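Reviewing the structure listed below.
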Amino acid sequence: MSSSQSHSLPRPPSFLLDLYGLSVSEDSHPSIYNPSRGAELPSPQSPDGLRPYVTLTFAQSLDAKIAGAAGKQLALSGKESLVMTHWMRTLHDAILVGIGTALNDNPQLNTRHLPSLPTGYPHKYRLPRPIILDTHLRLSPDCKLLQNYQAGHGRRPWIICAPQSASTGVASTEAFTKRGAVLQSAGARIIELDADERTGVIAIPDLLTALHELGVRSLMVEGGARVIRSFLSAAGTPTSTHPDSKKTVDALVITVAPTLVGSAGVGYGAELVADALPTFQHVRTEAFGPDAVLALKVC
């Protein structure tokens, strides 16, 4: 990349570059996918190198609601903070949402709101790998993520599920297998991870270990409520009452919209236990249009 090109290219907000310790130079632009660089693309790294660096991020109202009644999608982010979020996506290898968000919002998880690159420029914005945490394979084969992949302008989605146990019965197992085959035919990659036999939930540390082994160096987690709670609960400092806690979040970026949703909205904090939560260090708060965006790091 020439010096003139690097100066003319759009660039992520300094808010994000400073948070992740990244920079834009004539040799390296962290938001641009250059095939010749491959795995050398800049990325935030976890301190121990044994799991992906994790950014937990979401938009909320002033009364800490992230969705409407029954999980209905709310347009909480203004244009400016939405563009900031799309820049953040370009700085991560992968982006994860839960199946509830995938079904309710039918997201694309791409970078379509970023400014256009110069005419004739040979490269494109970096796209994160879309990952759906979908224990029972409920994702629709007609979802936008798979449609974009089929059309050649999206990356292949990964679906994280749990294998069916013998106790689920033959009919349930056959239906699960059929759903998996349909999703694979539509282009998805199915990745099975063991879930807790009692709760049916895939442990977050196990998920991160598996993604690291698959080459994911940085992961942006966008929700929904259950996924946010799971990551925050798993991120706490080990204590005598929670000895198995491991650090599973590195950065927390919250967009606060100047609006109230009310009691019918969906929040994320009601089931969190105070002594199991991580400690945060405030890094920076910045206005993006009408929204306030807070960046924190987990101590």
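Ordering of the structure tokens sets the chain letters (A, B, ...), residue numbers begin anew at 1 in every chain, and ligands are numbered from 1 in the order given.
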Contacts of Arg156 (chain A) within 10 Å, only C-alpha atoms, excl. fewer than 2 positions in-chain, as a list in words: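 Listing them by chain and then by number gives Pro128, Arg129, Pro130, Ile131, Leu145, Leu146, Asn148, Tyr149, Gln150, Gly152, His153, Gly154, Trp158, Ile159, Ala186, Gly187, Ala188 and Arg189 of chain A.
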Can I get the selected residues back with all heavy atoms, as a compact mmCIF listing (two decimals), in the first residue's frame?
```txt
# COMPACT_ATOMS: atom_id res chain seq x y z
N PRO A 128 -15.65 -10.07 9.00
CA PRO A 128 -15.46 -11.10 10.02
C PRO A 128 -16.23 -12.36 9.68
O PRO A 128 -17.23 -12.32 8.96
CB PRO A 128 -16.04 -10.43 11.28
CG PRO A 128 -17.09 -9.50 10.74
CD PRO A 128 -16.57 -9.01 9.42
N ARG A 129 -15.76 -13.48 10.17
CA ARG A 129 -16.46 -14.75 10.00
C ARG A 129 -17.73 -14.74 10.86
O ARG A 129 -17.65 -14.56 12.07
CB ARG A 129 -15.57 -15.89 10.45
CG ARG A 129 -16.27 -17.25 10.59
CD ARG A 129 -16.36 -17.97 9.30
NE ARG A 129 -15.02 -18.23 8.77
CZ ARG A 129 -14.79 -18.66 7.54
NH1 ARG A 129 -15.80 -18.87 6.71
NH2 ARG A 129 -13.54 -18.86 7.12
N PRO A 130 -18.92 -14.93 10.28
CA PRO A 130 -20.13 -14.99 11.10
C PRO A 130 -20.25 -16.34 11.81
O PRO A 130 -20.09 -17.39 11.19
CB PRO A 130 -21.26 -14.78 10.10
CG PRO A 130 -20.70 -15.22 8.78
CD PRO A 130 -19.22 -15.00 8.84
N ILE A 131 -20.51 -16.29 13.12
CA ILE A 131 -20.65 -17.50 13.92
C ILE A 131 -21.97 -17.41 14.69
O ILE A 131 -22.25 -16.41 15.34
CB ILE A 131 -19.47 -17.68 14.90
CG1 ILE A 131 -18.15 -17.76 14.13
CG2 ILE A 131 -19.67 -18.90 15.77
CD1 ILE A 131 -16.92 -17.79 15.03
N LEU A 145 -27.46 -14.47 6.21
CA LEU A 145 -26.05 -14.88 6.27
C LEU A 145 -25.73 -15.91 5.21
O LEU A 145 -24.70 -15.84 4.52
CB LEU A 145 -25.74 -15.44 7.66
CG LEU A 145 -25.71 -14.44 8.82
CD1 LEU A 145 -25.58 -15.18 10.14
CD2 LEU A 145 -24.57 -13.44 8.64
N LEU A 146 -26.60 -16.89 5.05
CA LEU A 146 -26.37 -17.93 4.05
C LEU A 146 -26.66 -17.42 2.64
O LEU A 146 -25.98 -17.80 1.68
CB LEU A 146 -27.22 -19.15 4.37
CG LEU A 146 -26.72 -19.96 5.57
CD1 LEU A 146 -27.76 -20.97 6.05
CD2 LEU A 146 -25.41 -20.67 5.24
N ASN A 148 -26.10 -14.38 1.61
CA ASN A 148 -24.94 -13.58 1.23
C ASN A 148 -23.76 -14.47 0.85
O ASN A 148 -23.03 -14.18 -0.11
CB ASN A 148 -24.53 -12.66 2.39
CG ASN A 148 -25.49 -11.50 2.57
OD1 ASN A 148 -26.31 -11.21 1.71
ND2 ASN A 148 -25.39 -10.82 3.70
N TYR A 149 -23.58 -15.56 1.58
CA TYR A 149 -22.49 -16.48 1.24
C TYR A 149 -22.72 -17.12 -0.12
O TYR A 149 -21.80 -17.20 -0.96
CB TYR A 149 -22.38 -17.56 2.32
CG TYR A 149 -21.37 -18.63 1.98
CD1 TYR A 149 -20.01 -18.34 1.88
CD2 TYR A 149 -21.78 -19.95 1.76
CE1 TYR A 149 -19.09 -19.31 1.56
CE2 TYR A 149 -20.86 -20.94 1.44
CZ TYR A 149 -19.52 -20.62 1.34
OH TYR A 149 -18.61 -21.58 1.01
N GLN A 150 -23.95 -17.53 -0.39
CA GLN A 150 -24.28 -18.14 -1.67
C GLN A 150 -24.07 -17.16 -2.82
O GLN A 150 -23.69 -17.56 -3.94
CB GLN A 150 -25.72 -18.64 -1.66
CG GLN A 150 -25.98 -19.79 -0.71
CD GLN A 150 -27.45 -19.97 -0.37
OE1 GLN A 150 -28.31 -19.31 -0.96
NE2 GLN A 150 -27.75 -20.83 0.58
N GLY A 152 -21.84 -14.87 -2.93
CA GLY A 152 -20.43 -14.55 -3.11
C GLY A 152 -19.99 -13.26 -2.47
O GLY A 152 -18.86 -12.81 -2.72
N HIS A 153 -20.83 -12.66 -1.60
CA HIS A 153 -20.38 -11.44 -0.94
C HIS A 153 -20.53 -11.52 0.58
O HIS A 153 -20.80 -10.53 1.26
CB HIS A 153 -21.09 -10.19 -1.49
CG HIS A 153 -22.58 -10.32 -1.60
ND1 HIS A 153 -23.42 -10.23 -0.51
CD2 HIS A 153 -23.37 -10.53 -2.68
CE1 HIS A 153 -24.67 -10.36 -0.91
NE2 HIS A 153 -24.67 -10.56 -2.22
N GLY A 154 -20.34 -12.72 1.09
CA GLY A 154 -20.30 -12.94 2.53
C GLY A 154 -19.46 -14.16 2.82
O GLY A 154 -19.30 -15.04 1.98
N TRP A 158 -20.36 -20.18 10.33
CA TRP A 158 -20.14 -21.34 11.18
C TRP A 158 -21.28 -21.41 12.18
O TRP A 158 -21.68 -20.40 12.76
CB TRP A 158 -18.82 -21.23 11.94
CG TRP A 158 -17.59 -21.32 11.10
CD1 TRP A 158 -17.50 -21.57 9.76
CD2 TRP A 158 -16.24 -21.14 11.54
NE1 TRP A 158 -16.20 -21.57 9.35
CE2 TRP A 158 -15.39 -21.31 10.42
CE3 TRP A 158 -15.66 -20.87 12.78
CZ2 TRP A 158 -14.01 -21.21 10.51
CZ3 TRP A 158 -14.28 -20.76 12.87
CH2 TRP A 158 -13.46 -20.92 11.74
N ILE A 159 -21.81 -22.61 12.38
CA ILE A 159 -22.87 -22.82 13.36
C ILE A 159 -22.33 -23.74 14.45
O ILE A 159 -21.90 -24.86 14.17
CB ILE A 159 -24.12 -23.43 12.72
CG1 ILE A 159 -24.62 -22.55 11.57
CG2 ILE A 159 -25.22 -23.62 13.77
CD1 ILE A 159 -25.82 -23.13 10.83
N ALA A 186 -26.93 -25.55 2.37
CA ALA A 186 -27.07 -24.11 2.11
C ALA A 186 -25.74 -23.38 2.25
O ALA A 186 -25.66 -22.19 1.93
CB ALA A 186 -28.10 -23.50 3.07
N GLY A 187 -24.70 -24.08 2.75
CA GLY A 187 -23.37 -23.48 2.82
C GLY A 187 -22.77 -23.37 4.20
O GLY A 187 -21.61 -22.99 4.33
N ALA A 188 -23.53 -23.67 5.25
CA ALA A 188 -23.02 -23.52 6.60
C ALA A 188 -22.01 -24.60 6.95
O ALA A 188 -22.08 -25.72 6.45
CB ALA A 188 -24.17 -23.55 7.61
N ARG A 189 -21.09 -24.26 7.84
CA ARG A 189 -20.21 -25.25 8.43
C ARG A 189 -20.73 -25.55 9.83
O ARG A 189 -20.94 -24.62 10.64
CB ARG A 189 -18.77 -24.75 8.52
CG ARG A 189 -17.81 -25.73 9.19
CD ARG A 189 -16.38 -25.22 9.24
NE ARG A 189 -15.51 -26.20 9.89
CZ ARG A 189 -14.21 -26.01 10.12
NH1 ARG A 189 -13.62 -24.90 9.71
NH2 ARG A 189 -13.49 -26.94 10.73
```
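Of all the residues in region 170-294 of chain A, the ones DSSP labels as strand (DSSP E or B) from the backbone are Arg189, Ile190, Ile191, Glu192, Ser218, Leu219, Met220, Val221, Ala251, Leu252, Val253, Ile254, Thr255, Val256, Val266, Gly267, Phe280, Gln281, His282, Val283, Arg284, Thr285, Glu286, Ala287, Phe288, Asp291, Ala292, Val293 and Leu294 of chain A.
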Skip region 232-234 of chain A itself and residues of its chain fewer than 5 positions away, then list as a PyMOL selection string all residues within 12 Å of it, counting only C-alpha atoms. chain A and resi 54-57+202-208+221+223+225-227+242-252+268-280+298
Write out the residues from the selection above, keeping C-alpha atoms, as a PDB file, in the first residue's frame.
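Listing of out-v4.pdb after writing:
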```pdb
ATOM      1  CA  VAL A  54     -13.006 -11.088  22.961  1.00  0.00           C
ATOM      2  CA  THR A  55     -14.905  -7.833  22.574  1.00  0.00           C
ATOM      3  CA  LEU A  56     -18.399  -7.936  24.059  1.00  0.00           C
ATOM      4  CA  THR A  57     -20.449  -5.169  22.452  1.00  0.00           C
ATOM      5  CA  ILE A 202     -22.033 -24.956  25.816  1.00  0.00           C
ATOM      6  CA  ALA A 203     -19.427 -23.570  28.229  1.00  0.00           C
ATOM      7  CA  ILE A 204     -17.927 -20.277  27.029  1.00  0.00           C
ATOM      8  CA  PRO A 205     -14.306 -21.289  27.801  1.00  0.00           C
ATOM      9  CA  ASP A 206     -14.791 -24.470  25.746  1.00  0.00           C
ATOM     10  CA  LEU A 207     -16.244 -22.407  22.895  1.00  0.00           C
ATOM     11  CA  LEU A 208     -13.281 -20.019  22.920  1.00  0.00           C
ATOM     12  CA  VAL A 221     -19.700 -10.841  20.444  1.00  0.00           C
ATOM     13  CA  GLY A 223     -25.547 -10.642  21.756  1.00  0.00           C
ATOM     14  CA  ALA A 225     -29.201 -11.097  26.110  1.00  0.00           C
ATOM     15  CA  ARG A 226     -28.492 -14.716  26.979  1.00  0.00           C
ATOM     16  CA  VAL A 227     -25.136 -14.676  25.203  1.00  0.00           C
ATOM     17  CA  HIS A 242     -16.942 -19.510  41.667  1.00  0.00           C
ATOM     18  CA  PRO A 243     -13.569 -21.309  41.405  1.00  0.00           C
ATOM     19  CA  ASP A 244     -13.989 -22.254  37.735  1.00  0.00           C
ATOM     20  CA  SER A 245     -14.348 -18.718  36.372  1.00  0.00           C
ATOM     21  CA  LYS A 246     -11.914 -17.879  33.575  1.00  0.00           C
ATOM     22  CA  LYS A 247     -11.312 -14.629  31.774  1.00  0.00           C
ATOM     23  CA  THR A 248     -13.522 -14.756  28.695  1.00  0.00           C
ATOM     24  CA  VAL A 249     -13.903 -11.049  27.880  1.00  0.00           C
ATOM     25  CA  ASP A 250     -11.132  -8.548  27.181  1.00  0.00           C
ATOM     26  CA  ALA A 251     -13.045  -5.428  26.142  1.00  0.00           C
ATOM     27  CA  LEU A 252     -16.584  -4.173  26.644  1.00  0.00           C
ATOM     28  CA  TYR A 268     -29.359  -8.566  30.155  1.00  0.00           C
ATOM     29  CA  GLY A 269     -28.449  -8.002  33.797  1.00  0.00           C
ATOM     30  CA  ALA A 270     -31.279  -9.471  35.868  1.00  0.00           C
ATOM     31  CA  GLU A 271     -29.683 -12.911  36.358  1.00  0.00           C
ATOM     32  CA  LEU A 272     -26.088 -11.770  36.820  1.00  0.00           C
ATOM     33  CA  VAL A 273     -24.511 -12.400  40.225  1.00  0.00           C
ATOM     34  CA  ALA A 274     -22.481  -9.447  41.506  1.00  0.00           C
ATOM     35  CA  ASP A 275     -19.570 -11.389  43.002  1.00  0.00           C
ATOM     36  CA  ALA A 276     -19.179 -13.426  39.805  1.00  0.00           C
ATOM     37  CA  LEU A 277     -18.803 -10.397  37.507  1.00  0.00           C
ATOM     38  CA  PRO A 278     -15.460  -9.128  36.220  1.00  0.00           C
ATOM     39  CA  THR A 279     -13.941  -5.818  37.229  1.00  0.00           C
ATOM     40  CA  PHE A 280     -13.787  -3.173  34.511  1.00  0.00           C
ATOM     41  CA  VAL A 298     -11.587  -6.198  31.902  1.00  0.00           C
TER      42      VAL A 298
END
```
Pick out the closest residue to Leu294 (chain A) from this set: A:Ala102, A:Val253, A:Leu219, A:Ile66. Count only C-alpha atoms. A:Val253
Rounded to one decimal in Å, what is the spacing between CA of Thr285 (chain A) and CA of Ala235 (chain A)? 22.0 Å
Set the distance at 7 Å and use only C-alpha atoms: which residues neighbour region 103-112 of chain A once local chain neighbours fewer than 4 positions away are removed? I'd like the list as a list of chain:residue names. A:Gly71, A:Lys72, A:Gln73, A:His86, A:Ile99, A:Leu127, A:Pro130, A:Leu139, A:Cys143, A:Lys144, A:Leu145
Preceding selection exported with all heavy atoms as a PDB file, in the first residue's frame:
```
ATOM      1  N   GLY A  71     -38.109 -10.000  22.601  1.00  0.00           N
ATOM      2  CA  GLY A  71     -36.876  -9.993  21.821  1.00  0.00           C
ATOM      3  C   GLY A  71     -36.959  -9.268  20.499  1.00  0.00           C
ATOM      4  O   GLY A  71     -36.037  -9.354  19.680  1.00  0.00           O
ATOM      5  N   LYS A  72     -38.044  -8.515  20.274  1.00  0.00           N
ATOM      6  CA  LYS A  72     -38.198  -7.793  19.008  1.00  0.00           C
ATOM      7  C   LYS A  72     -37.057  -6.816  18.797  1.00  0.00           C
ATOM      8  O   LYS A  72     -36.643  -6.102  19.705  1.00  0.00           O
ATOM      9  CB  LYS A  72     -39.532  -7.048  18.997  1.00  0.00           C
ATOM     10  CG  LYS A  72     -39.806  -6.314  17.689  1.00  0.00           C
ATOM     11  CD  LYS A  72     -41.147  -5.598  17.734  1.00  0.00           C
ATOM     12  CE  LYS A  72     -41.415  -4.839  16.438  1.00  0.00           C
ATOM     13  NZ  LYS A  72     -42.721  -4.117  16.476  1.00  0.00           N
ATOM     14  N   GLN A  73     -36.545  -6.772  17.576  1.00  0.00           N
ATOM     15  CA  GLN A  73     -35.410  -5.912  17.266  1.00  0.00           C
ATOM     16  C   GLN A  73     -35.768  -4.442  17.453  1.00  0.00           C
ATOM     17  O   GLN A  73     -36.844  -3.989  17.062  1.00  0.00           O
ATOM     18  CB  GLN A  73     -34.946  -6.139  15.821  1.00  0.00           C
ATOM     19  CG  GLN A  73     -33.709  -5.332  15.439  1.00  0.00           C
ATOM     20  CD  GLN A  73     -33.269  -5.589  14.004  1.00  0.00           C
ATOM     21  OE1 GLN A  73     -34.046  -6.059  13.189  1.00  0.00           O
ATOM     22  NE2 GLN A  73     -32.025  -5.293  13.690  1.00  0.00           N
ATOM     23  N   HIS A  86     -19.596  -1.017  12.665  1.00  0.00           N
ATOM     24  CA  HIS A  86     -19.144  -1.714  11.456  1.00  0.00           C
ATOM     25  C   HIS A  86     -17.626  -1.601  11.299  1.00  0.00           C
ATOM     26  O   HIS A  86     -16.985  -2.544  10.812  1.00  0.00           O
ATOM     27  CB  HIS A  86     -19.893  -1.175  10.238  1.00  0.00           C
ATOM     28  CG  HIS A  86     -21.277  -1.733  10.111  1.00  0.00           C
ATOM     29  ND1 HIS A  86     -21.825  -2.145   8.923  1.00  0.00           N
ATOM     30  CD2 HIS A  86     -22.226  -1.976  11.049  1.00  0.00           C
ATOM     31  CE1 HIS A  86     -23.045  -2.612   9.120  1.00  0.00           C
ATOM     32  NE2 HIS A  86     -23.312  -2.500  10.408  1.00  0.00           N
ATOM     33  N   ILE A  99     -28.604 -17.725  18.758  1.00  0.00           N
ATOM     34  CA  ILE A  99     -29.662 -18.089  17.826  1.00  0.00           C
ATOM     35  C   ILE A  99     -30.884 -17.188  17.997  1.00  0.00           C
ATOM     36  O   ILE A  99     -31.600 -16.931  17.017  1.00  0.00           O
ATOM     37  CB  ILE A  99     -30.047 -19.589  17.995  1.00  0.00           C
ATOM     38  CG1 ILE A  99     -31.078 -20.008  16.950  1.00  0.00           C
ATOM     39  CG2 ILE A  99     -30.517 -19.876  19.407  1.00  0.00           C
ATOM     40  CD1 ILE A  99     -30.655 -19.795  15.517  1.00  0.00           C
ATOM     41  N   LEU A 127     -14.019  -8.681   6.211  1.00  0.00           N
ATOM     42  CA  LEU A 127     -15.280  -9.194   6.742  1.00  0.00           C
ATOM     43  C   LEU A 127     -14.993 -10.213   7.838  1.00  0.00           C
ATOM     44  O   LEU A 127     -14.208 -11.139   7.631  1.00  0.00           O
ATOM     45  CB  LEU A 127     -16.105  -9.870   5.643  1.00  0.00           C
ATOM     46  CG  LEU A 127     -16.815  -8.972   4.626  1.00  0.00           C
ATOM     47  CD1 LEU A 127     -17.469  -9.840   3.561  1.00  0.00           C
ATOM     48  CD2 LEU A 127     -17.854  -8.097   5.308  1.00  0.00           C
ATOM     49  N   PRO A 130     -18.917 -14.933  10.280  1.00  0.00           N
ATOM     50  CA  PRO A 130     -20.127 -14.992  11.104  1.00  0.00           C
ATOM     51  C   PRO A 130     -20.246 -16.339  11.812  1.00  0.00           C
ATOM     52  O   PRO A 130     -20.090 -17.394  11.186  1.00  0.00           O
ATOM     53  CB  PRO A 130     -21.263 -14.785  10.100  1.00  0.00           C
ATOM     54  CG  PRO A 130     -20.698 -15.218   8.784  1.00  0.00           C
ATOM     55  CD  PRO A 130     -19.220 -14.995   8.839  1.00  0.00           C
ATOM     56  N   LEU A 139     -31.338 -22.402  13.106  1.00  0.00           N
ATOM     57  CA  LEU A 139     -31.135 -21.351  12.114  1.00  0.00           C
ATOM     58  C   LEU A 139     -31.841 -21.690  10.806  1.00  0.00           C
ATOM     59  O   LEU A 139     -31.813 -22.835  10.349  1.00  0.00           O
ATOM     60  CB  LEU A 139     -29.644 -21.156  11.853  1.00  0.00           C
ATOM     61  CG  LEU A 139     -29.264 -19.989  10.930  1.00  0.00           C
ATOM     62  CD1 LEU A 139     -29.561 -18.653  11.606  1.00  0.00           C
ATOM     63  CD2 LEU A 139     -27.788 -20.072  10.541  1.00  0.00           C
ATOM     64  N   CYS A 143     -31.709 -17.754   5.760  1.00  0.00           N
ATOM     65  CA  CYS A 143     -31.305 -16.514   6.433  1.00  0.00           C
ATOM     66  C   CYS A 143     -30.348 -15.708   5.554  1.00  0.00           C
ATOM     67  O   CYS A 143     -29.732 -16.223   4.618  1.00  0.00           O
ATOM     68  CB  CYS A 143     -30.657 -16.826   7.778  1.00  0.00           C
ATOM     69  SG  CYS A 143     -29.054 -17.660   7.660  1.00  0.00           S
ATOM     70  N   LYS A 144     -30.230 -14.424   5.869  1.00  0.00           N
ATOM     71  CA  LYS A 144     -29.396 -13.521   5.069  1.00  0.00           C
ATOM     72  C   LYS A 144     -27.923 -13.923   5.089  1.00  0.00           C
ATOM     73  O   LYS A 144     -27.211 -13.731   4.097  1.00  0.00           O
ATOM     74  CB  LYS A 144     -29.561 -12.086   5.567  1.00  0.00           C
ATOM     75  CG  LYS A 144     -30.922 -11.480   5.274  1.00  0.00           C
ATOM     76  CD  LYS A 144     -31.024 -10.069   5.824  1.00  0.00           C
ATOM     77  CE  LYS A 144     -32.396  -9.456   5.554  1.00  0.00           C
ATOM     78  NZ  LYS A 144     -32.532  -8.100   6.148  1.00  0.00           N
ATOM     79  N   LEU A 145     -27.456 -14.465   6.205  1.00  0.00           N
ATOM     80  CA  LEU A 145     -26.053 -14.876   6.274  1.00  0.00           C
ATOM     81  C   LEU A 145     -25.729 -15.913   5.211  1.00  0.00           C
ATOM     82  O   LEU A 145     -24.704 -15.835   4.521  1.00  0.00           O
ATOM     83  CB  LEU A 145     -25.743 -15.439   7.658  1.00  0.00           C
ATOM     84  CG  LEU A 145     -25.713 -14.443   8.816  1.00  0.00           C
ATOM     85  CD1 LEU A 145     -25.578 -15.179  10.141  1.00  0.00           C
ATOM     86  CD2 LEU A 145     -24.575 -13.440   8.636  1.00  0.00           C
TER      87      LEU A 145
END
```
Residues within 10 Å of Asp93 (chain A), only C-alpha atoms, excluding chain neighbours under 4 positions, as a list of chain:residue names: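 My reading of the contact set: A:Ala39, A:Leu41, A:Pro42, A:Ser43, A:Pro44, A:Pro52, A:Tyr53, A:Arg89, A:Arg126, A:Leu127, A:Pro128, A:Arg129, A:Pro130, A:Gly215, A:Val216, A:Arg217, A:Ser218, A:Leu219, A:Met220.
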So, counting only C-alpha atoms, which residue among A:Asp142, A:Asp194, A:Asp291, A:Glu40 is closest to Val256 (chain A)?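 Comparing A:Asp142, A:Asp194, A:Asp291, A:Glu40 against Val256 (chain A), the winner is A:Asp291.
In terms of minimum interatomic distance to Ala162 (chain A), A:Thr135 ranks closest within A:Gln147, A:Thr135, A:Thr85, A:Ser230, counting only C-alpha atoms.
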May I ask for the distance between CA of Gly180 (chain A) and CA of Thr90 (chain A), given in Å to one decimal place?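 Separating CA of Gly180 (chain A) from CA of Thr90 (chain A) is a distance of 28.9 Å.
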When you count only C-alpha atoms, which of these residues is closest to Val266 (chain A): A:Ser25, A:Ser165, A:Gln60, A:Thr173?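 The shortest atom-to-atom distance to Val266 (chain A) comes from A:Gln60.
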